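This report refers to the structure that appears directly beneath it.
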Amino acid sequence: MDALLRGTVSAVQANALTPLYALPTAVRRRLAGAPIQIDGNTFDPEVQLLLRVESLLPGTTKKDAATARAHLRSVSKLIAGHPRELQRVTDLTVRGADGQLGARLYVPRNAGRGLLVFLHGGGWVVGDLDTHDSLCRTIAADAGIRVLSVDYRLAPEAPAPTAAEDAIAAFTWAVEHAEDLAVDPTLIAVGGDSAGGNLAAVVAQQCVVRDLPRPALQVLLYPAVDLVGRRPSRDLFGENFLLTEEDILWYRDHYTP
């Protein structure tokens, strides 16, 4: 099975095969291998396939930021499904805490007046507009709203609280430019996955503390919201999974040295 998966990954990397997650479900389930069970829970086969793919790629162990970023870009290309067709996808710039930031606006067909300011995951160290392009397309298409993905500055070059300040500035920029974005300023939400979920929560909190325009909603996808407390999952899944104990400490020490 490993040989089959390795051959499939090589074919995808050589552009000789569609991305793994565009393959038929039955094929993906076979490539994922036998189900993994821990603490009475069965690992999702789609995530299990991602875990197996990661083990075949170089750069899985976190050594330096550049290598880790390249690794995530490689994984993102491999697991992309069929990109969702939208009415328009536009690259633009938004205001950050200290200058302009890259951003990408996703406009689905029959879009409503809502907007989600999206902050990507990646431990505040990795990730960019391209690594989360497929996810943003899916959110826009399924929710029927515009999505504004923000390329905030990353650690260790820009440690905390730079990413958070960039996120706050980008959200307030979106509210100020609601008319240009063709959205209702009272229907602008903030969200993100993992470290991006952390940033989204910080935006929601700080907009209240600083008396700034408040998000209509916060969408937190498996957010990192506690770097002090320790939960049982840190021990149950601390090794051999997508986010290891070593990874958590590596990301934390880069973002909050």
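In the structure tokens, the first chain shown is A, the next is B, and so on; residue numbers restart at 1 for each chain, and ligands run from 1 in the order shown.
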Near Asp151 of chain A, counting only C-alpha atoms, which residues have an atom at most 8 Å away, once you skip same-chain residues fewer than 6 positions from it, shown as a PDB file with N, CA, C and O atoms, in the first residue's frame?
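The new file out.pdb reads:
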```
ATOM      1  N   LEU A 101      -0.689  44.801   2.891  1.00  0.00           N
ATOM      2  CA  LEU A 101      -0.618  43.340   2.908  1.00  0.00           C
ATOM      3  C   LEU A 101      -1.286  42.791   1.660  1.00  0.00           C
ATOM      4  O   LEU A 101      -2.261  43.359   1.165  1.00  0.00           O
ATOM      5  N   GLY A 102      -0.790  41.677   1.165  1.00  0.00           N
ATOM      6  CA  GLY A 102      -1.473  40.996   0.074  1.00  0.00           C
ATOM      7  C   GLY A 102      -2.775  40.389   0.569  1.00  0.00           C
ATOM      8  O   GLY A 102      -2.909  40.019   1.739  1.00  0.00           O
ATOM      9  N   ALA A 103      -3.751  40.292  -0.304  1.00  0.00           N
ATOM     10  CA  ALA A 103      -5.042  39.702   0.049  1.00  0.00           C
ATOM     11  C   ALA A 103      -5.679  39.146  -1.213  1.00  0.00           C
ATOM     12  O   ALA A 103      -5.244  39.430  -2.338  1.00  0.00           O
ATOM     13  N   LEU A 119      -8.348  34.440   7.979  1.00  0.00           N
ATOM     14  CA  LEU A 119      -6.955  34.424   8.398  1.00  0.00           C
ATOM     15  C   LEU A 119      -6.476  32.976   8.426  1.00  0.00           C
ATOM     16  O   LEU A 119      -6.990  32.162   9.196  1.00  0.00           O
ATOM     17  N   HIS A 120      -5.511  32.660   7.576  1.00  0.00           N
ATOM     18  CA  HIS A 120      -5.106  31.260   7.400  1.00  0.00           C
ATOM     19  C   HIS A 120      -4.343  30.717   8.605  1.00  0.00           C
ATOM     20  O   HIS A 120      -3.739  31.452   9.387  1.00  0.00           O
ATOM     21  N   ASP A 128      -0.019  30.723   3.399  1.00  0.00           N
ATOM     22  CA  ASP A 128      -0.153  31.936   2.600  1.00  0.00           C
ATOM     23  C   ASP A 128      -1.477  31.894   1.851  1.00  0.00           C
ATOM     24  O   ASP A 128      -2.315  31.012   2.097  1.00  0.00           O
ATOM     25  N   LEU A 129      -1.666  32.806   0.933  1.00  0.00           N
ATOM     26  CA  LEU A 129      -2.921  32.855   0.185  1.00  0.00           C
ATOM     27  C   LEU A 129      -3.142  31.581  -0.625  1.00  0.00           C
ATOM     28  O   LEU A 129      -4.277  31.110  -0.767  1.00  0.00           O
TER      29      LEU A 129
END
```
Strand (DSSP E or B) residues, from DSSP on the backbone, in segment 138-206 of chain A, as a PDB file with N, CA, C and O atoms, in the first residue's frame:
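Written file, part-v9.pdb:
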```pdb
ATOM      1  N   ARG A 146     -18.867  36.614   0.145  1.00  0.00           N
ATOM      2  CA  ARG A 146     -17.514  36.953  -0.263  1.00  0.00           C
ATOM      3  C   ARG A 146     -16.538  36.574   0.857  1.00  0.00           C
ATOM      4  O   ARG A 146     -16.882  36.675   2.041  1.00  0.00           O
ATOM      5  N   VAL A 147     -15.347  36.176   0.464  1.00  0.00           N
ATOM      6  CA  VAL A 147     -14.291  35.848   1.425  1.00  0.00           C
ATOM      7  C   VAL A 147     -13.062  36.672   1.078  1.00  0.00           C
ATOM      8  O   VAL A 147     -12.622  36.690  -0.075  1.00  0.00           O
ATOM      9  N   LEU A 148     -12.525  37.363   2.074  1.00  0.00           N
ATOM     10  CA  LEU A 148     -11.313  38.156   1.896  1.00  0.00           C
ATOM     11  C   LEU A 148     -10.201  37.484   2.696  1.00  0.00           C
ATOM     12  O   LEU A 148     -10.161  37.572   3.924  1.00  0.00           O
ATOM     13  N   SER A 149      -9.301  36.801   1.993  1.00  0.00           N
ATOM     14  CA  SER A 149      -8.187  36.109   2.640  1.00  0.00           C
ATOM     15  C   SER A 149      -7.010  37.073   2.765  1.00  0.00           C
ATOM     16  O   SER A 149      -6.628  37.717   1.788  1.00  0.00           O
ATOM     17  N   VAL A 150      -6.438  37.155   3.965  1.00  0.00           N
ATOM     18  CA  VAL A 150      -5.405  38.148   4.263  1.00  0.00           C
ATOM     19  C   VAL A 150      -4.053  37.478   4.482  1.00  0.00           C
ATOM     20  O   VAL A 150      -3.938  36.537   5.269  1.00  0.00           O
ATOM     21  N   ASP A 151      -3.034  37.971   3.803  1.00  0.00           N
ATOM     22  CA  ASP A 151      -1.679  37.429   3.907  1.00  0.00           C
ATOM     23  C   ASP A 151      -0.892  38.222   4.958  1.00  0.00           C
ATOM     24  O   ASP A 151       0.004  38.998   4.646  1.00  0.00           O
ATOM     25  N   ILE A 188     -19.962  41.873   8.223  1.00  0.00           N
ATOM     26  CA  ILE A 188     -18.581  41.447   8.004  1.00  0.00           C
ATOM     27  C   ILE A 188     -18.128  40.613   9.196  1.00  0.00           C
ATOM     28  O   ILE A 188     -18.125  41.085  10.337  1.00  0.00           O
ATOM     29  N   ALA A 189     -17.768  39.383   8.925  1.00  0.00           N
ATOM     30  CA  ALA A 189     -17.334  38.443   9.956  1.00  0.00           C
ATOM     31  C   ALA A 189     -15.826  38.262   9.885  1.00  0.00           C
ATOM     32  O   ALA A 189     -15.175  38.656   8.920  1.00  0.00           O
ATOM     33  N   VAL A 190     -15.269  37.640  10.909  1.00  0.00           N
ATOM     34  CA  VAL A 190     -13.846  37.315  10.923  1.00  0.00           C
ATOM     35  C   VAL A 190     -13.711  35.839  11.281  1.00  0.00           C
ATOM     36  O   VAL A 190     -14.476  35.312  12.089  1.00  0.00           O
ATOM     37  N   GLY A 191     -12.757  35.158  10.637  1.00  0.00           N
ATOM     38  CA  GLY A 191     -12.593  33.736  10.913  1.00  0.00           C
ATOM     39  C   GLY A 191     -11.250  33.229  10.449  1.00  0.00           C
ATOM     40  O   GLY A 191     -10.489  33.948   9.786  1.00  0.00           O
ATOM     41  N   GLY A 192     -10.961  31.997  10.814  1.00  0.00           N
ATOM     42  CA  GLY A 192      -9.712  31.385  10.402  1.00  0.00           C
ATOM     43  C   GLY A 192      -9.574  30.002  10.994  1.00  0.00           C
ATOM     44  O   GLY A 192     -10.370  29.584  11.847  1.00  0.00           O
ATOM     45  N   ASP A 193      -8.565  29.287  10.534  1.00  0.00           N
ATOM     46  CA  ASP A 193      -8.319  27.939  11.033  1.00  0.00           C
ATOM     47  C   ASP A 193      -7.021  27.904  11.831  1.00  0.00           C
ATOM     48  O   ASP A 193      -6.056  28.577  11.492  1.00  0.00           O
TER      49      ASP A 193
END
```
Neighbours of Ile248 of chain A within 10 Å (only C-alpha atoms; same-chain residues fewer than 2 positions away dropped), as a PyMOL selection string?
chain A and resi 123+224+227+234+238+243-246+250-253
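Computed from the coordinates, the atom CA of Trp124 of chain A to atom CA of Ala170 of chain A distance equals 16.0 Å.
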Need to verify the contact set: His82 of chain A, 10 Å, only C-alpha atoms, exclusion of same-chain residues closer than 2 positions in sequence. Can you return it as a list in words?
Thr18, Pro19, Leu20, Tyr21, Ala22, Leu23, Ile79, Ala80, Arg84, Glu85 and Ser134 of chain A
Using all heavy atoms, can you write the selected residues to a file as a CSV table (one decimal), in the first residue's frame?
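What follows is the written file selection_1.csv:
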```csv
chain,number,residue,atom,x,y,z
A,18,THR,N,-4.6,13.9,-11.4
A,18,THR,CA,-5.3,14.9,-10.6
A,18,THR,C,-4.9,14.9,-9.2
A,18,THR,O,-4.4,13.9,-8.7
A,18,THR,CB,-6.8,14.7,-10.8
A,18,THR,OG1,-7.1,13.4,-10.3
A,18,THR,CG2,-7.3,14.9,-12.2
A,19,PRO,N,-5.0,16.0,-8.4
A,19,PRO,CA,-4.7,16.0,-7.0
A,19,PRO,C,-5.4,14.9,-6.3
A,19,PRO,O,-6.5,14.5,-6.7
A,19,PRO,CB,-5.2,17.4,-6.6
A,19,PRO,CG,-5.1,18.3,-7.8
A,19,PRO,CD,-5.5,17.3,-8.9
A,20,LEU,N,-4.8,14.5,-5.2
A,20,LEU,CA,-5.3,13.3,-4.5
A,20,LEU,C,-6.8,13.4,-4.1
A,20,LEU,O,-7.5,12.4,-4.2
A,20,LEU,CB,-4.5,13.0,-3.2
A,20,LEU,CG,-3.1,12.4,-3.4
A,20,LEU,CD1,-2.3,12.4,-2.1
A,20,LEU,CD2,-3.2,11.0,-4.0
A,21,TYR,N,-7.2,14.6,-3.6
A,21,TYR,CA,-8.5,14.7,-3.1
A,21,TYR,C,-9.5,14.9,-4.2
A,21,TYR,O,-10.7,15.1,-4.0
A,21,TYR,CB,-8.6,15.8,-2.1
A,21,TYR,CG,-8.1,15.3,-0.7
A,21,TYR,CD1,-6.7,15.0,-0.6
A,21,TYR,CD2,-8.9,15.1,0.3
A,21,TYR,CE1,-6.2,14.5,0.6
A,21,TYR,CE2,-8.4,14.6,1.5
A,21,TYR,CZ,-7.1,14.3,1.7
A,21,TYR,OH,-6.6,13.8,2.9
A,22,ALA,N,-9.1,14.9,-5.5
A,22,ALA,CA,-10.0,14.9,-6.6
A,22,ALA,C,-10.2,13.5,-7.1
A,22,ALA,O,-11.0,13.2,-8.0
A,22,ALA,CB,-9.4,15.8,-7.7
A,23,LEU,N,-9.5,12.5,-6.6
A,23,LEU,CA,-9.7,11.1,-6.9
A,23,LEU,C,-11.0,10.6,-6.3
A,23,LEU,O,-11.5,11.2,-5.4
A,23,LEU,CB,-8.5,10.2,-6.4
A,23,LEU,CG,-7.1,10.5,-7.0
A,23,LEU,CD1,-6.1,9.7,-6.2
A,23,LEU,CD2,-7.1,10.2,-8.5
A,79,ILE,N,-3.2,17.8,-2.0
A,79,ILE,CA,-4.5,17.4,-1.5
A,79,ILE,C,-5.6,18.3,-2.0
A,79,ILE,O,-6.8,18.1,-1.7
A,79,ILE,CB,-4.5,17.6,0.1
A,79,ILE,CG1,-4.4,19.0,0.5
A,79,ILE,CG2,-3.4,16.7,0.7
A,79,ILE,CD1,-4.6,19.2,2.0
A,80,ALA,N,-5.3,19.2,-2.9
A,80,ALA,CA,-6.4,20.1,-3.5
A,80,ALA,C,-7.3,19.2,-4.2
A,80,ALA,O,-6.9,18.3,-5.0
A,80,ALA,CB,-5.8,21.1,-4.4
A,84,ARG,N,-13.3,25.0,-6.6
A,84,ARG,CA,-14.7,25.5,-6.8
A,84,ARG,C,-14.7,26.7,-7.8
A,84,ARG,O,-13.9,27.6,-7.6
A,84,ARG,CB,-15.3,25.9,-5.5
A,84,ARG,CG,-15.3,24.7,-4.5
A,84,ARG,CD,-16.3,23.6,-4.9
A,84,ARG,NE,-17.7,24.1,-4.9
A,84,ARG,CZ,-18.4,24.0,-3.8
A,84,ARG,NH1,-17.9,23.5,-2.6
A,84,ARG,NH2,-19.7,24.4,-3.8
A,85,GLU,N,-15.6,26.6,-8.7
A,85,GLU,CA,-15.7,27.7,-9.7
A,85,GLU,C,-16.5,28.8,-9.0
A,85,GLU,O,-17.6,28.7,-8.5
A,85,GLU,CB,-16.5,27.2,-10.9
A,85,GLU,CG,-15.7,26.2,-11.7
A,85,GLU,CD,-14.4,26.8,-12.4
A,85,GLU,OE1,-14.5,28.1,-12.6
A,85,GLU,OE2,-13.4,26.1,-12.6
A,134,SER,N,-8.0,26.7,-1.8
A,134,SER,CA,-9.1,25.8,-2.0
A,134,SER,C,-10.1,25.9,-0.9
A,134,SER,O,-11.3,25.9,-1.2
A,134,SER,CB,-8.5,24.4,-2.0
A,134,SER,OG,-9.6,23.4,-2.2
```
DSSP on the backbone: which residues in segment 27-236 of chain A end up as helix (DSSP H, G or I)? Give the answer as a VMD selection string.
chain A and resid 27 to 32 45 to 56 65 to 79 133 to 143 162 to 176 178 to 181 185 to 187 195 to 209 232 to 236
Need to verify the contact set: segment 39-43 of chain A, 12 Å, only C-alpha atoms, exclusion of same-chain residues closer than 2 positions in sequence. Can you return it as a VMD selection string?
chain A and resid 29 32 to 37 45 to 51 232 to 233 235 to 237 241 to 242
Would you mind listing what lies within 12 Å of Glu157 of chain A as a PDB file with all heavy atoms, in the first residue's frame, with only C-alpha atoms counted and same-chain residues fewer than 4 positions away left out?
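The result, stored in around-v6.pdb:
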```pdb
ATOM      1  N   ASP A  64      13.502  24.661   9.897  1.00  0.00           N
ATOM      2  CA  ASP A  64      13.558  26.112   9.745  1.00  0.00           C
ATOM      3  C   ASP A  64      12.289  26.565   9.044  1.00  0.00           C
ATOM      4  O   ASP A  64      11.570  25.769   8.430  1.00  0.00           O
ATOM      5  CB  ASP A  64      14.803  26.526   8.957  1.00  0.00           C
ATOM      6  CG  ASP A  64      14.828  25.912   7.563  1.00  0.00           C
ATOM      7  OD1 ASP A  64      14.134  26.454   6.683  1.00  0.00           O
ATOM      8  OD2 ASP A  64      15.529  24.914   7.365  1.00  0.00           O
ATOM      9  N   ALA A  65      12.012  27.856   9.135  1.00  0.00           N
ATOM     10  CA  ALA A  65      10.759  28.388   8.608  1.00  0.00           C
ATOM     11  C   ALA A  65      10.628  28.198   7.103  1.00  0.00           C
ATOM     12  O   ALA A  65       9.562  27.833   6.603  1.00  0.00           O
ATOM     13  CB  ALA A  65      10.635  29.865   8.972  1.00  0.00           C
ATOM     14  N   ALA A  66      11.713  28.418   6.369  1.00  0.00           N
ATOM     15  CA  ALA A  66      11.649  28.312   4.906  1.00  0.00           C
ATOM     16  C   ALA A  66      11.281  26.890   4.480  1.00  0.00           C
ATOM     17  O   ALA A  66      10.452  26.692   3.588  1.00  0.00           O
ATOM     18  CB  ALA A  66      12.982  28.726   4.301  1.00  0.00           C
ATOM     19  N   TRP A 124       1.271  30.570  12.817  1.00  0.00           N
ATOM     20  CA  TRP A 124       1.802  31.938  12.706  1.00  0.00           C
ATOM     21  C   TRP A 124       3.162  31.976  11.982  1.00  0.00           C
ATOM     22  O   TRP A 124       3.794  33.022  11.911  1.00  0.00           O
ATOM     23  CB  TRP A 124       1.972  32.606  14.077  1.00  0.00           C
ATOM     24  CG  TRP A 124       0.771  32.532  14.952  1.00  0.00           C
ATOM     25  CD1 TRP A 124      -0.328  33.341  14.903  1.00  0.00           C
ATOM     26  CD2 TRP A 124       0.542  31.628  16.031  1.00  0.00           C
ATOM     27  NE1 TRP A 124      -1.224  32.977  15.874  1.00  0.00           N
ATOM     28  CE2 TRP A 124      -0.710  31.923  16.587  1.00  0.00           C
ATOM     29  CE3 TRP A 124       1.288  30.581  16.580  1.00  0.00           C
ATOM     30  CZ2 TRP A 124      -1.242  31.217  17.661  1.00  0.00           C
ATOM     31  CZ3 TRP A 124       0.764  29.864  17.652  1.00  0.00           C
ATOM     32  CH2 TRP A 124      -0.491  30.192  18.172  1.00  0.00           C
ATOM     33  N   VAL A 125       3.581  30.851  11.427  1.00  0.00           N
ATOM     34  CA  VAL A 125       4.910  30.746  10.802  1.00  0.00           C
ATOM     35  C   VAL A 125       4.819  30.358   9.331  1.00  0.00           C
ATOM     36  O   VAL A 125       5.588  30.832   8.503  1.00  0.00           O
ATOM     37  CB  VAL A 125       5.795  29.719  11.547  1.00  0.00           C
ATOM     38  CG1 VAL A 125       7.170  29.575  10.884  1.00  0.00           C
ATOM     39  CG2 VAL A 125       5.969  30.103  13.012  1.00  0.00           C
ATOM     40  N   VAL A 126       3.864  29.500   8.977  1.00  0.00           N
ATOM     41  CA  VAL A 126       3.729  29.019   7.608  1.00  0.00           C
ATOM     42  C   VAL A 126       2.334  29.341   7.085  1.00  0.00           C
ATOM     43  O   VAL A 126       1.461  29.781   7.825  1.00  0.00           O
ATOM     44  CB  VAL A 126       3.996  27.496   7.516  1.00  0.00           C
ATOM     45  CG1 VAL A 126       5.363  27.164   8.087  1.00  0.00           C
ATOM     46  CG2 VAL A 126       2.919  26.707   8.259  1.00  0.00           C
ATOM     47  N   TYR A 152      -1.235  38.000   6.225  1.00  0.00           N
ATOM     48  CA  TYR A 152      -0.582  38.712   7.322  1.00  0.00           C
ATOM     49  C   TYR A 152       0.889  38.299   7.447  1.00  0.00           C
ATOM     50  O   TYR A 152       1.300  37.255   6.959  1.00  0.00           O
ATOM     51  CB  TYR A 152      -1.320  38.450   8.638  1.00  0.00           C
ATOM     52  CG  TYR A 152      -1.423  36.978   9.010  1.00  0.00           C
ATOM     53  CD1 TYR A 152      -0.408  36.343   9.726  1.00  0.00           C
ATOM     54  CD2 TYR A 152      -2.533  36.210   8.642  1.00  0.00           C
ATOM     55  CE1 TYR A 152      -0.491  35.007  10.068  1.00  0.00           C
ATOM     56  CE2 TYR A 152      -2.621  34.875   8.969  1.00  0.00           C
ATOM     57  CZ  TYR A 152      -1.602  34.270   9.680  1.00  0.00           C
ATOM     58  OH  TYR A 152      -1.683  32.933  10.005  1.00  0.00           O
ATOM     59  N   ARG A 153       1.678  39.109   8.129  1.00  0.00           N
ATOM     60  CA  ARG A 153       3.103  38.824   8.267  1.00  0.00           C
ATOM     61  C   ARG A 153       3.352  37.665   9.234  1.00  0.00           C
ATOM     62  O   ARG A 153       2.611  37.488  10.210  1.00  0.00           O
ATOM     63  CB  ARG A 153       3.845  40.081   8.747  1.00  0.00           C
ATOM     64  CG  ARG A 153       3.970  41.158   7.667  1.00  0.00           C
ATOM     65  CD  ARG A 153       4.550  42.430   8.246  1.00  0.00           C
ATOM     66  NE  ARG A 153       3.597  43.101   9.130  1.00  0.00           N
ATOM     67  CZ  ARG A 153       3.896  44.164   9.868  1.00  0.00           C
ATOM     68  NH1 ARG A 153       5.129  44.659   9.850  1.00  0.00           N
ATOM     69  NH2 ARG A 153       2.974  44.729  10.627  1.00  0.00           N
ATOM     70  N   PRO A 161       3.258  40.724  18.664  1.00  0.00           N
ATOM     71  CA  PRO A 161       1.869  40.582  18.195  1.00  0.00           C
ATOM     72  C   PRO A 161       1.655  41.044  16.754  1.00  0.00           C
ATOM     73  O   PRO A 161       0.547  41.477  16.416  1.00  0.00           O
ATOM     74  CB  PRO A 161       1.121  41.487  19.158  1.00  0.00           C
ATOM     75  CG  PRO A 161       2.088  42.637  19.370  1.00  0.00           C
ATOM     76  CD  PRO A 161       3.462  42.008  19.366  1.00  0.00           C
ATOM     77  N   THR A 162       2.678  40.957  15.899  1.00  0.00           N
ATOM     78  CA  THR A 162       2.567  41.507  14.545  1.00  0.00           C
ATOM     79  C   THR A 162       1.384  40.932  13.781  1.00  0.00           C
ATOM     80  O   THR A 162       0.589  41.674  13.187  1.00  0.00           O
ATOM     81  CB  THR A 162       3.863  41.237  13.762  1.00  0.00           C
ATOM     82  OG1 THR A 162       4.968  41.801  14.469  1.00  0.00           O
ATOM     83  CG2 THR A 162       3.783  41.858  12.378  1.00  0.00           C
ATOM     84  N   ALA A 163       1.257  39.589  13.759  1.00  0.00           N
ATOM     85  CA  ALA A 163       0.159  38.969  13.008  1.00  0.00           C
ATOM     86  C   ALA A 163      -1.199  39.439  13.520  1.00  0.00           C
ATOM     87  O   ALA A 163      -2.114  39.709  12.736  1.00  0.00           O
ATOM     88  CB  ALA A 163       0.261  37.446  13.100  1.00  0.00           C
ATOM     89  N   HIS A 254       8.503  30.255  17.919  1.00  0.00           N
ATOM     90  CA  HIS A 254       8.762  31.194  16.828  1.00  0.00           C
ATOM     91  C   HIS A 254       7.867  32.437  16.938  1.00  0.00           C
ATOM     92  O   HIS A 254       8.319  33.550  16.698  1.00  0.00           O
ATOM     93  CB  HIS A 254       8.520  30.519  15.473  1.00  0.00           C
ATOM     94  CG  HIS A 254       9.673  29.695  14.988  1.00  0.00           C
ATOM     95  ND1 HIS A 254      10.068  28.540  15.606  1.00  0.00           N
ATOM     96  CD2 HIS A 254      10.528  29.876  13.954  1.00  0.00           C
ATOM     97  CE1 HIS A 254      11.121  28.046  14.961  1.00  0.00           C
ATOM     98  NE2 HIS A 254      11.410  28.839  13.961  1.00  0.00           N
ATOM     99  N   TYR A 255       6.612  32.224  17.320  1.00  0.00           N
ATOM    100  CA  TYR A 255       5.664  33.336  17.378  1.00  0.00           C
ATOM    101  C   TYR A 255       5.829  34.158  18.649  1.00  0.00           C
ATOM    102  O   TYR A 255       5.733  35.394  18.624  1.00  0.00           O
ATOM    103  CB  TYR A 255       4.228  32.804  17.284  1.00  0.00           C
ATOM    104  CG  TYR A 255       3.169  33.866  17.222  1.00  0.00           C
ATOM    105  CD1 TYR A 255       3.217  34.885  16.274  1.00  0.00           C
ATOM    106  CD2 TYR A 255       2.092  33.856  18.110  1.00  0.00           C
ATOM    107  CE1 TYR A 255       2.229  35.861  16.201  1.00  0.00           C
ATOM    108  CE2 TYR A 255       1.096  34.824  18.050  1.00  0.00           C
ATOM    109  CZ  TYR A 255       1.167  35.826  17.101  1.00  0.00           C
ATOM    110  OH  TYR A 255       0.195  36.790  17.036  1.00  0.00           O
ATOM    111  N   THR A 256       6.062  33.489  19.780  1.00  0.00           N
ATOM    112  CA  THR A 256       6.203  34.180  21.065  1.00  0.00           C
ATOM    113  C   THR A 256       7.538  33.824  21.699  1.00  0.00           C
ATOM    114  O   THR A 256       7.593  33.111  22.697  1.00  0.00           O
ATOM    115  CB  THR A 256       5.060  33.804  22.028  1.00  0.00           C
ATOM    116  OG1 THR A 256       5.072  32.377  22.222  1.00  0.00           O
ATOM    117  CG2 THR A 256       3.721  34.213  21.471  1.00  0.00           C
ATOM    118  N   PRO A 257       8.643  34.272  21.107  1.00  0.00           N
ATOM    119  CA  PRO A 257       9.966  33.886  21.650  1.00  0.00           C
ATOM    120  C   PRO A 257      10.188  34.438  23.061  1.00  0.00           C
ATOM    121  O   PRO A 257       9.678  35.492  23.395  1.00  0.00           O
ATOM    122  CB  PRO A 257      10.941  34.516  20.651  1.00  0.00           C
ATOM    123  CG  PRO A 257      10.184  35.655  20.060  1.00  0.00           C
ATOM    124  CD  PRO A 257       8.752  35.193  19.985  1.00  0.00           C
TER     125      PRO A 257
END
```
